[in-house]
Each structure stands twice: as C-alpha cells, then as structure tokens.
Number of protein chains: 2
Amino acid sequence: MDTGLLNEVFQEASFSRAELSTVGACLKKIDLKKGEVLLRKGDTVAYTHYVHRGCLRSFVVDESGKDHTLQFAIKDWWISDYTAFFTGDAAMMSIECIQNTTLYRLSRKDMEQLYLDIPKLETFFRKKLEKRMAAFHRRTLGNLAMPAKERYQAFVKTYPSIEQQVKNYHIASYLGITTESLSRIRKELLH
Amino acid sequence: MDTGLLNEVFQEASFSRAELSTVGACLKKIDLKKGEVLLRKGDTVAYTHYVHRGCLRSFVVDESGKDHTLQFAIKDWWISDYTAFFTGDAAMMSIECIQNTTLYRLSRKDMEQLYLDIPKLETFFRKKLEKRMAAFHRRTLGNLAMPAKERYQAFVKTYPSIEQQVKNYHIASYLGITTESLSRIRKELLH
DNA sequence: CGCGACGTTGATTTGCCTCAACGATTGTGG
DNA sequence: CCACAATCGTTGAGGCAAATCAACGTCGCG
C-alpha cells in the first residue's frame, strides 16, 4: 500500500512513517462489484473494512421479508458488524455493495497485534467505535422521536453525499418507510 | 461490603477473597427513594451502578415532550449512560428510580485503577458491556421489524420479572406506544 | 426497439394516536 | 378505618400518517 493512501486512511491520527508501514502490511485490498456480498448474516466476522471507493450498506431482513438498511458506508468509512467482530458471535446483519467498491480489510488478529505494537492505533479505532456508537444511538433515538418527513430531512442534512449516491429504495429502507412514502415526502418538500 | 454480597455481584467471575475485598473497598452503597433521579441528561457521568434492590429506568424526553424508556434495571443489573461514562461527554439520557432502590456505585477513576490491579475485572466488565450492546442492538432491530403487539410479547418473554414490577405507562414508553394502545393489545392477547 | 428496473401517483386500508370519559386501585389525612 | 382524592388503567370515537395494492410513466440498456 502506498504512503499517500495510508496517510489518507489515518489522516486524523499522527503516525510515523514506520508505524504506517507496519499497519499497511496488514491491510489487504479487495475489489468488489455492485451486488456482491461482503458479509452474510450468520458468518463469523474476521475483518473490518476501510472503504476507499464505492458504497456499501449493512442491512437485516425481518421474518416478513422486509429489508432494513442499518448503515451506509462511503469513501473514508470503516464498516463491519462490530458487535460480532468483537465478540466472535455470528453476524446479525449482512453487508453488500451497492456500487463497485474498493476496500482495504484488516483482520481481528492483526488488529490485536497492532494494538500491542502501536498503542496509538487502539485509541484511533476506539474513537472510531465511540463515534459510531454515538451515531447509532442518535439515530435510534431519532427514529423513536421523529416522523418520516423529519427523519428524511435529517438524513439529507447529515449525509448529503450518500443521498445523491444511493437508490431511493435504499434510502426508504434506511428510513423505515416504503418507496411510495418517500416519493410523496419528496414531492411535498418541493413546496 | 460483606463477602456474601460481593460474591453475589461477581458470581459469574471467579475472584479471590483478596481481589473481592479490593473491589469491595471501591463500592459505595447508595439508597434512593422511588422518584429520585440518579443521573440527569447533561451531567457528566462519573459512576456506574450495581442494582442490589429496586428498579430504575433510563430514558430520554424528545422535543415534543414524549418520554422514551431505553432500559430498565432490576436486581443484579449494572446501569449508567455508558457512552458518556466512557467518553466523558455529557449524558444523553436520564436515569430515575421507579422503586425504592439500593445501589452500589463504582467510579470511573476507581475502575481504571482496578483494571490495573485485577486484569480479570476488565474482562468481567467488557463482557457485561458487550452483552448490553448486543441487547440494545437486538432491541433496535426488533423495533424496526415488529409491530407493537409482537414487541410487547417479546418484552414479556425476555423480561418477565420486569413486566411484573413496573407500571403500564413505563412499559408503553419502553415499547414506544401509548398506554391506551398497550391496554388494547393486552386485552386482545387474552383471546 | 422492447424489456426490466425504478420512480410516481391514486385509492383504499390499517395501526396507532389523540381526546374524552369513565371504572379501579392506591394512598392519605381526618 | 373509612372517605375522598389522586393515580392508574380501560374503553370508545374519531383522525392521521404511512402501508398496501394497483396502475402507469420513464429511463437505461441488451
């Protein structure tokens, strides 16, 4: 992995050239086409993934067949089923590509070792995780509190770049409404 | 704190008598009456609490004044705003007693020190936290996927002892419905 | 060109909420 | 220990947001 890309991945932290190269040796590039599945519900989760290009979504399908998008991940995001990644349990969600995507994956095992070699890295990932948890928490509370129109507006405001990249039915599935309802909400918002 | 109680608190783990007494020295007993507030939204969170007797709930109030119960805690549970407890941010939720309650509290500072003295304790709490996160995750997914009647049935099945202890309006607030709706759901479930 | 995937629109239904009234239960002061 | 109030739970009527069902426009692509 080249230095420029590594600087991009870890831009927020300040790692030495040597540290970056240690980490870089553990990252493996993965190319996936639109529609390909990165993680299937029930799998054990050995990796977390940095998104360099493209877009993915994590989702669950309930008993009645309805599809619920939990998160999108675009450039510069990390994605995995973190509960399963850390506990070793089977994945509760699936992850698929909704565009052609380039990832760099990092295994749990390498991560443990890197934590020992480069303590700063543990802080880096802990902060990522805390941010993710807080975001998930906010989203959950938002879902409890807000009607669909406001949830949509909040989504557009928070993730403008995602809103432009993904299909309507994925946004609807993220908001927990049907494509028809989303269509009507959008119409209404054009005055 | 007496040995019997300490054995109860840490029953799942196997700590030596000396270790238990080290931990015990950091736990402080707190008695609270029904209605008293343990943690207020916006507070910084210095403690986590073991519930020895009674019942509490964590909750948020949204802009329209609606009350949303996030979790109940009865005997043998630990409760705090863990996101805030770990990050040092202001609490996003409040916690109040819904029965007269006896707690044992542990400060973040003592916890850090105990982790150094008794590494096994870190594992003990990490597992607690992972279980809590997974439960919260499942609940969130359940809320997305299930109608109110099924959410209620799932709640009764998962937490039968809580269902018997708390008021209907707290259960309704946990399920995200009104007391009227809960009343009607219950009626329907009696064939 | 024609087919499939996607988005929109309309008509109808449904689950839950709101508002309002009324029993039941609990608690408290006389 | 009773009386009365407050709290809590139930029931009914009416309304609304979003779902469902169904049909139709549009775009991209073999």
# chains A, B, ... in the order shown; residues from 1 in each chain; ligands from 1
>>> closest_atom_pairs(of="chain A", to="chain B", cutoff="12 Å", atoms="only C-alpha atoms", output="CSV")
residue,atom,partner,partner_atom,distance
A:Phe59,CA,B:Leu141,CA,9.9
A:Val60,CA,B:Leu141,CA,8.0
A:Val61,CA,B:Ala145,CA,8.4
A:Asp62,CA,B:Ala145,CA,5.9
A:Glu63,CA,B:Ala145,CA,8.1
A:Ser64,CA,B:Ala145,CA,8.4
A:Gly65,CA,B:Ala145,CA,9.6
A:Lys66,CA,B:Ala145,CA,7.6
A:Asp67,CA,B:Ala145,CA,8.8
A:His68,CA,B:Leu144,CA,7.4
A:Thr69,CA,B:Leu144,CA,10.0
A:Leu70,CA,B:Leu141,CA,8.8
A:Asp81,CA,B:Ala134,CA,10.9
A:Tyr82,CA,B:Ala134,CA,9.9
A:Thr83,CA,B:Ala134,CA,6.5
A:Ala84,CA,B:Ala134,CA,8.8
A:Phe85,CA,B:Glu130,CA,11.0
A:Phe86,CA,B:Glu130,CA,8.3
A:Thr87,CA,B:Glu130,CA,7.2
A:Gly88,CA,B:Glu130,CA,10.8
A:Asp89,CA,B:Ala134,CA,10.1
A:Ala90,CA,B:Ala134,CA,11.6
A:Ala91,CA,B:Ala134,CA,11.0
A:Met92,CA,B:Arg138,CA,8.6
A:Met93,CA,B:Leu141,CA,9.8
A:Thr123,CA,B:Thr87,CA,11.7
A:Arg126,CA,B:Thr87,CA,10.0
A:Lys127,CA,B:Thr87,CA,8.8
A:Lys128,CA,B:Thr87,CA,11.8
A:Leu129,CA,B:Thr83,CA,10.6
A:Glu130,CA,B:Thr83,CA,7.4
A:Lys131,CA,B:Thr83,CA,9.5
A:Arg132,CA,B:Thr83,CA,10.7
A:Met133,CA,B:Thr83,CA,7.7
A:Ala134,CA,B:Thr83,CA,7.0
A:Ala135,CA,B:Thr83,CA,10.8
A:Phe136,CA,B:His137,CA,9.3
A:His137,CA,B:Thr83,CA,9.2
A:Arg138,CA,B:Met92,CA,9.1
A:Arg139,CA,B:Thr140,CA,10.1
A:Thr140,CA,B:Thr140,CA,6.9
A:Leu141,CA,B:Val60,CA,8.2
A:Gly142,CA,B:Asp62,CA,8.8
A:Asn143,CA,B:Leu144,CA,9.0
A:Leu144,CA,B:Gly176,CA,7.0
A:Ala145,CA,B:Asp62,CA,6.1
A:Met146,CA,B:Asp62,CA,8.8
A:Pro147,CA,B:Ser64,CA,11.4
A:Ser173,CA,B:Leu144,CA,10.2
A:Tyr174,CA,B:Leu144,CA,10.0
A:Leu175,CA,B:Leu144,CA,9.7
A:Gly176,CA,B:Leu144,CA,7.0
A:Ile177,CA,B:Leu144,CA,10.1
>>> write_last_selection(atoms="N, CA and C atoms", output="compact mmCIF listing (two decimals), in the first residue's frame")
# COMPACT_ATOMS: atom_id res chain seq x y z
N PHE A 59 -27.46 -4.35 6.43
CA PHE A 59 -28.92 -4.48 6.49
C PHE A 59 -29.32 -5.78 7.15
N VAL A 60 -30.57 -5.82 7.59
CA VAL A 60 -31.18 -7.06 8.08
C VAL A 60 -32.49 -7.26 7.33
N VAL A 61 -32.90 -8.51 7.22
CA VAL A 61 -34.19 -8.82 6.61
C VAL A 61 -35.05 -9.49 7.67
N ASP A 62 -36.22 -8.91 7.95
CA ASP A 62 -37.03 -9.50 9.02
C ASP A 62 -37.87 -10.67 8.50
N GLU A 63 -38.62 -11.30 9.43
CA GLU A 63 -39.37 -12.52 9.08
C GLU A 63 -40.37 -12.29 7.95
N SER A 64 -40.93 -11.09 7.90
CA SER A 64 -41.92 -10.82 6.87
C SER A 64 -41.24 -10.43 5.56
N GLY A 65 -39.92 -10.53 5.52
CA GLY A 65 -39.21 -10.28 4.27
C GLY A 65 -38.82 -8.84 4.04
N LYS A 66 -39.18 -7.98 5.02
CA LYS A 66 -38.85 -6.57 4.83
C LYS A 66 -37.37 -6.32 5.07
N ASP A 67 -36.83 -5.41 4.31
CA ASP A 67 -35.40 -5.12 4.31
C ASP A 67 -35.16 -3.82 5.08
N HIS A 68 -34.23 -3.85 6.04
CA HIS A 68 -33.93 -2.66 6.83
C HIS A 68 -32.46 -2.31 6.71
N THR A 69 -32.19 -1.16 6.11
CA THR A 69 -30.81 -0.71 6.00
C THR A 69 -30.38 -0.07 7.31
N LEU A 70 -29.27 -0.55 7.85
CA LEU A 70 -28.79 -0.02 9.12
C LEU A 70 -27.81 1.12 8.89
N ASP A 81 -19.68 -5.76 11.02
CA ASP A 81 -20.63 -5.96 12.11
C ASP A 81 -19.79 -5.96 13.38
N TYR A 82 -19.70 -4.80 14.04
CA TYR A 82 -18.73 -4.64 15.11
C TYR A 82 -19.06 -5.46 16.34
N THR A 83 -20.34 -5.63 16.61
CA THR A 83 -20.70 -6.49 17.74
C THR A 83 -20.10 -7.88 17.52
N ALA A 84 -20.35 -8.42 16.35
CA ALA A 84 -19.85 -9.77 16.04
C ALA A 84 -18.33 -9.78 15.90
N PHE A 85 -17.80 -8.72 15.33
CA PHE A 85 -16.35 -8.60 15.14
C PHE A 85 -15.63 -8.71 16.48
N PHE A 86 -16.17 -8.05 17.50
CA PHE A 86 -15.51 -8.04 18.80
C PHE A 86 -15.85 -9.24 19.67
N THR A 87 -17.06 -9.73 19.56
CA THR A 87 -17.46 -10.81 20.46
C THR A 87 -17.15 -12.19 19.89
N GLY A 88 -17.01 -12.28 18.55
CA GLY A 88 -16.82 -13.58 17.94
C GLY A 88 -18.12 -14.30 17.63
N ASP A 89 -19.24 -13.68 17.98
CA ASP A 89 -20.54 -14.26 17.65
C ASP A 89 -20.81 -14.23 16.15
N ALA A 90 -21.86 -14.91 15.74
CA ALA A 90 -22.27 -14.87 14.34
C ALA A 90 -22.82 -13.49 14.01
N ALA A 91 -22.62 -13.05 12.79
CA ALA A 91 -23.09 -11.73 12.35
C ALA A 91 -24.61 -11.66 12.41
N MET A 92 -25.12 -10.54 12.93
CA MET A 92 -26.56 -10.32 12.99
C MET A 92 -27.05 -9.63 11.73
N MET A 93 -26.13 -9.08 10.96
CA MET A 93 -26.52 -8.32 9.77
C MET A 93 -25.75 -8.82 8.55
N THR A 123 -6.27 3.74 20.32
CA THR A 123 -7.01 4.98 20.54
C THR A 123 -7.74 5.40 19.27
N ARG A 126 -10.63 3.08 18.83
CA ARG A 126 -11.61 3.23 19.90
C ARG A 126 -12.46 4.47 19.65
N LYS A 127 -11.82 5.53 19.19
CA LYS A 127 -12.56 6.75 18.89
C LYS A 127 -13.52 6.56 17.74
N LYS A 128 -13.08 5.84 16.72
CA LYS A 128 -13.96 5.50 15.60
C LYS A 128 -15.20 4.78 16.13
N LEU A 129 -14.95 3.82 17.00
CA LEU A 129 -16.04 2.99 17.51
C LEU A 129 -16.99 3.81 18.37
N GLU A 130 -16.41 4.68 19.19
CA GLU A 130 -17.26 5.51 20.04
C GLU A 130 -18.14 6.43 19.19
N LYS A 131 -17.55 6.99 18.16
CA LYS A 131 -18.31 7.86 17.27
C LYS A 131 -19.45 7.09 16.61
N ARG A 132 -19.13 5.87 16.19
CA ARG A 132 -20.12 5.03 15.55
C ARG A 132 -21.25 4.69 16.50
N MET A 133 -20.89 4.34 17.73
CA MET A 133 -21.91 4.00 18.72
C MET A 133 -22.81 5.19 19.01
N ALA A 134 -22.19 6.35 19.17
CA ALA A 134 -22.98 7.55 19.45
C ALA A 134 -23.91 7.87 18.29
N ALA A 135 -23.41 7.69 17.05
CA ALA A 135 -24.24 7.96 15.87
C ALA A 135 -25.42 6.99 15.82
N PHE A 136 -25.13 5.73 16.11
CA PHE A 136 -26.18 4.72 16.11
C PHE A 136 -27.22 5.04 17.17
N HIS A 137 -26.73 5.50 18.30
CA HIS A 137 -27.59 5.86 19.40
C HIS A 137 -28.51 7.02 19.00
N ARG A 138 -27.89 8.06 18.44
CA ARG A 138 -28.68 9.22 17.99
C ARG A 138 -29.73 8.81 16.98
N ARG A 139 -29.32 7.95 16.04
CA ARG A 139 -30.26 7.51 15.02
C ARG A 139 -31.42 6.77 15.64
N THR A 140 -31.13 5.92 16.60
CA THR A 140 -32.18 5.16 17.27
C THR A 140 -33.15 6.09 17.98
N LEU A 141 -32.59 7.05 18.71
CA LEU A 141 -33.45 8.00 19.41
C LEU A 141 -34.25 8.82 18.41
N GLY A 142 -33.61 9.20 17.31
CA GLY A 142 -34.31 9.96 16.27
C GLY A 142 -35.47 9.18 15.69
N ASN A 143 -35.28 7.89 15.49
CA ASN A 143 -36.35 7.06 14.95
C ASN A 143 -37.54 7.01 15.90
N LEU A 144 -37.24 6.99 17.19
CA LEU A 144 -38.32 6.97 18.17
C LEU A 144 -39.09 8.27 18.13
N ALA A 145 -38.37 9.37 17.96
CA ALA A 145 -38.95 10.68 18.21
C ALA A 145 -39.54 11.35 16.99
N MET A 146 -38.99 11.09 15.79
CA MET A 146 -39.38 11.92 14.64
C MET A 146 -40.25 11.19 13.63
N PRO A 147 -41.18 11.93 13.01
CA PRO A 147 -41.96 11.38 11.91
C PRO A 147 -41.06 11.26 10.66
N SER A 173 -35.52 2.24 2.80
CA SER A 173 -35.26 1.11 3.70
C SER A 173 -34.47 1.58 4.93
N TYR A 174 -33.62 2.60 4.73
CA TYR A 174 -32.88 3.18 5.87
C TYR A 174 -33.82 3.95 6.78
N LEU A 175 -34.76 4.67 6.18
CA LEU A 175 -35.68 5.50 6.96
C LEU A 175 -36.82 4.68 7.58
N GLY A 176 -36.96 3.45 7.12
CA GLY A 176 -38.02 2.60 7.65
C GLY A 176 -39.38 2.90 7.05
N ILE A 177 -39.40 3.37 5.81
CA ILE A 177 -40.66 3.63 5.13
C ILE A 177 -40.64 2.97 3.74
>>> interface_residues(of="chain B", to="chain D", cutoff="9 Å", atoms="only C-alpha atoms (C1' of nucleotides)", output="VMD selection string")
chain B and resid 167 to 169 179 to 180 183 to 184
>>> closest_atom_pairs(of="chain C", to="chain A", cutoff="10 Å", atoms="only C-alpha atoms (C1' of nucleotides)", output="JSON lines")
{"residue": "C:DC6", "atom": "C1'", "partner": "A:Asn168", "partner_atom": "CA", "distance": 8.6}
{"residue": "C:DG7", "atom": "C1'", "partner": "A:Ser183", "partner_atom": "CA", "distance": 7.6}
{"residue": "C:DT8", "atom": "C1'", "partner": "A:Ser183", "partner_atom": "CA", "distance": 6.9}
{"residue": "C:DT9", "atom": "C1'", "partner": "A:Arg184", "partner_atom": "CA", "distance": 8.8}
>>> residues_around(residues="Phe155 of chain B", least_positions_apart="4", cutoff="10 Å", atoms="only C-alpha atoms (C1' of nucleotides)", output="list in words")
Arg139, Lys149, Glu150, Arg151, Tyr159, Pro160, Ile162, Glu163, Ile171, Tyr174 and Leu175 of chain B
>>> select_by_dssp(residues="chain A", states="strand (DSSP E)", output="count of residues only")
43
>>> decode(residues="segment 30-73 of chain A", atoms="N, CA and C atoms", output="compact mmCIF listing (two decimals), in the first residue's frame")
# COMPACT_ATOMS: atom_id res chain seq x y z
N ILE A 30 -9.25 -5.24 -1.48
CA ILE A 30 -10.33 -6.10 -2.00
C ILE A 30 -11.16 -5.30 -2.99
N ASP A 31 -11.38 -5.84 -4.17
CA ASP A 31 -12.29 -5.20 -5.13
C ASP A 31 -13.57 -6.00 -5.24
N LEU A 32 -14.69 -5.29 -5.17
CA LEU A 32 -15.98 -5.96 -5.27
C LEU A 32 -16.87 -5.23 -6.25
N LYS A 33 -17.69 -6.00 -6.94
CA LYS A 33 -18.62 -5.40 -7.90
C LYS A 33 -19.96 -5.12 -7.21
N LYS A 34 -20.66 -4.18 -7.76
CA LYS A 34 -22.02 -3.87 -7.32
C LYS A 34 -22.82 -5.16 -7.17
N GLY A 35 -23.48 -5.32 -6.05
CA GLY A 35 -24.29 -6.50 -5.83
C GLY A 35 -23.59 -7.60 -5.05
N GLU A 36 -22.27 -7.56 -5.02
CA GLU A 36 -21.55 -8.61 -4.29
C GLU A 36 -21.71 -8.44 -2.78
N VAL A 37 -21.68 -9.57 -2.09
CA VAL A 37 -21.92 -9.57 -0.65
C VAL A 37 -20.60 -9.69 0.10
N LEU A 38 -20.38 -8.77 1.01
CA LEU A 38 -19.13 -8.75 1.77
C LEU A 38 -19.26 -9.63 3.02
N LEU A 39 -20.46 -9.61 3.60
CA LEU A 39 -20.69 -10.34 4.85
C LEU A 39 -22.13 -10.81 4.86
N ARG A 40 -22.30 -12.07 5.26
CA ARG A 40 -23.64 -12.63 5.26
C ARG A 40 -24.04 -12.92 6.69
N LYS A 41 -25.30 -12.61 7.03
CA LYS A 41 -25.81 -12.90 8.37
C LYS A 41 -25.48 -14.34 8.76
N GLY A 42 -24.94 -14.53 9.94
CA GLY A 42 -24.59 -15.87 10.40
C GLY A 42 -23.11 -16.16 10.26
N ASP A 43 -22.42 -15.45 9.37
CA ASP A 43 -20.97 -15.60 9.24
C ASP A 43 -20.28 -15.22 10.55
N THR A 44 -19.10 -15.76 10.77
CA THR A 44 -18.25 -15.17 11.78
C THR A 44 -17.48 -14.04 11.12
N VAL A 45 -17.19 -13.02 11.91
CA VAL A 45 -16.68 -11.78 11.34
C VAL A 45 -15.20 -11.63 11.68
N ALA A 46 -14.35 -11.87 10.71
CA ALA A 46 -12.91 -11.83 10.97
C ALA A 46 -12.29 -10.49 10.60
N TYR A 47 -13.03 -9.66 9.87
CA TYR A 47 -12.42 -8.44 9.33
C TYR A 47 -13.26 -7.19 9.57
N THR A 48 -12.56 -6.06 9.60
CA THR A 48 -13.21 -4.77 9.42
C THR A 48 -12.64 -4.18 8.14
N HIS A 49 -13.39 -3.25 7.53
CA HIS A 49 -13.01 -2.80 6.19
C HIS A 49 -13.04 -1.30 6.07
N TYR A 50 -12.00 -0.78 5.46
CA TYR A 50 -11.93 0.64 5.13
C TYR A 50 -12.41 0.81 3.69
N VAL A 51 -13.34 1.73 3.47
CA VAL A 51 -13.87 1.95 2.12
C VAL A 51 -13.05 3.03 1.41
N HIS A 52 -12.42 2.65 0.33
CA HIS A 52 -11.60 3.60 -0.43
C HIS A 52 -12.38 4.19 -1.60
N ARG A 53 -13.32 3.41 -2.13
CA ARG A 53 -14.07 3.83 -3.31
C ARG A 53 -15.36 3.02 -3.32
N GLY A 54 -16.48 3.64 -3.73
CA GLY A 54 -17.72 2.90 -3.87
C GLY A 54 -18.66 3.13 -2.69
N CYS A 55 -19.58 2.21 -2.52
CA CYS A 55 -20.59 2.35 -1.47
C CYS A 55 -21.14 0.99 -1.07
N LEU A 56 -21.30 0.79 0.23
CA LEU A 56 -21.90 -0.45 0.75
C LEU A 56 -23.02 -0.10 1.72
N ARG A 57 -23.81 -1.12 2.04
CA ARG A 57 -24.81 -0.92 3.09
C ARG A 57 -24.88 -2.17 3.95
N SER A 58 -25.13 -1.98 5.24
CA SER A 58 -25.41 -3.12 6.12
C SER A 58 -26.92 -3.16 6.33
N PHE A 59 -27.46 -4.35 6.43
CA PHE A 59 -28.92 -4.48 6.49
C PHE A 59 -29.32 -5.78 7.15
N VAL A 60 -30.57 -5.82 7.59
CA VAL A 60 -31.18 -7.06 8.08
C VAL A 60 -32.49 -7.26 7.33
N VAL A 61 -32.90 -8.51 7.22
CA VAL A 61 -34.19 -8.82 6.61
C VAL A 61 -35.05 -9.49 7.67
N ASP A 62 -36.22 -8.91 7.95
CA ASP A 62 -37.03 -9.50 9.02
C ASP A 62 -37.87 -10.67 8.50
N GLU A 63 -38.62 -11.30 9.43
CA GLU A 63 -39.37 -12.52 9.08
C GLU A 63 -40.37 -12.29 7.95
N SER A 64 -40.93 -11.09 7.90
CA SER A 64 -41.92 -10.82 6.87
C SER A 64 -41.24 -10.43 5.56
N GLY A 65 -39.92 -10.53 5.52
CA GLY A 65 -39.21 -10.28 4.27
C GLY A 65 -38.82 -8.84 4.04
N LYS A 66 -39.18 -7.98 5.02
CA LYS A 66 -38.85 -6.57 4.83
C LYS A 66 -37.37 -6.32 5.07
N ASP A 67 -36.83 -5.41 4.31
CA ASP A 67 -35.40 -5.12 4.31
C ASP A 67 -35.16 -3.82 5.08
N HIS A 68 -34.23 -3.85 6.04
CA HIS A 68 -33.93 -2.66 6.83
C HIS A 68 -32.46 -2.31 6.71
N THR A 69 -32.19 -1.16 6.11
CA THR A 69 -30.81 -0.71 6.00
C THR A 69 -30.38 -0.07 7.31
N LEU A 70 -29.27 -0.55 7.85
CA LEU A 70 -28.79 -0.02 9.12
C LEU A 70 -27.81 1.12 8.89
N GLN A 71 -26.89 0.92 7.96
CA GLN A 71 -25.88 1.95 7.70
C GLN A 71 -25.43 1.91 6.26
N PHE A 72 -25.04 3.08 5.78
CA PHE A 72 -24.31 3.14 4.52
C PHE A 72 -22.85 3.41 4.84
N ALA A 73 -21.98 3.02 3.93
CA ALA A 73 -20.56 3.34 4.09
C ALA A 73 -20.02 3.79 2.75
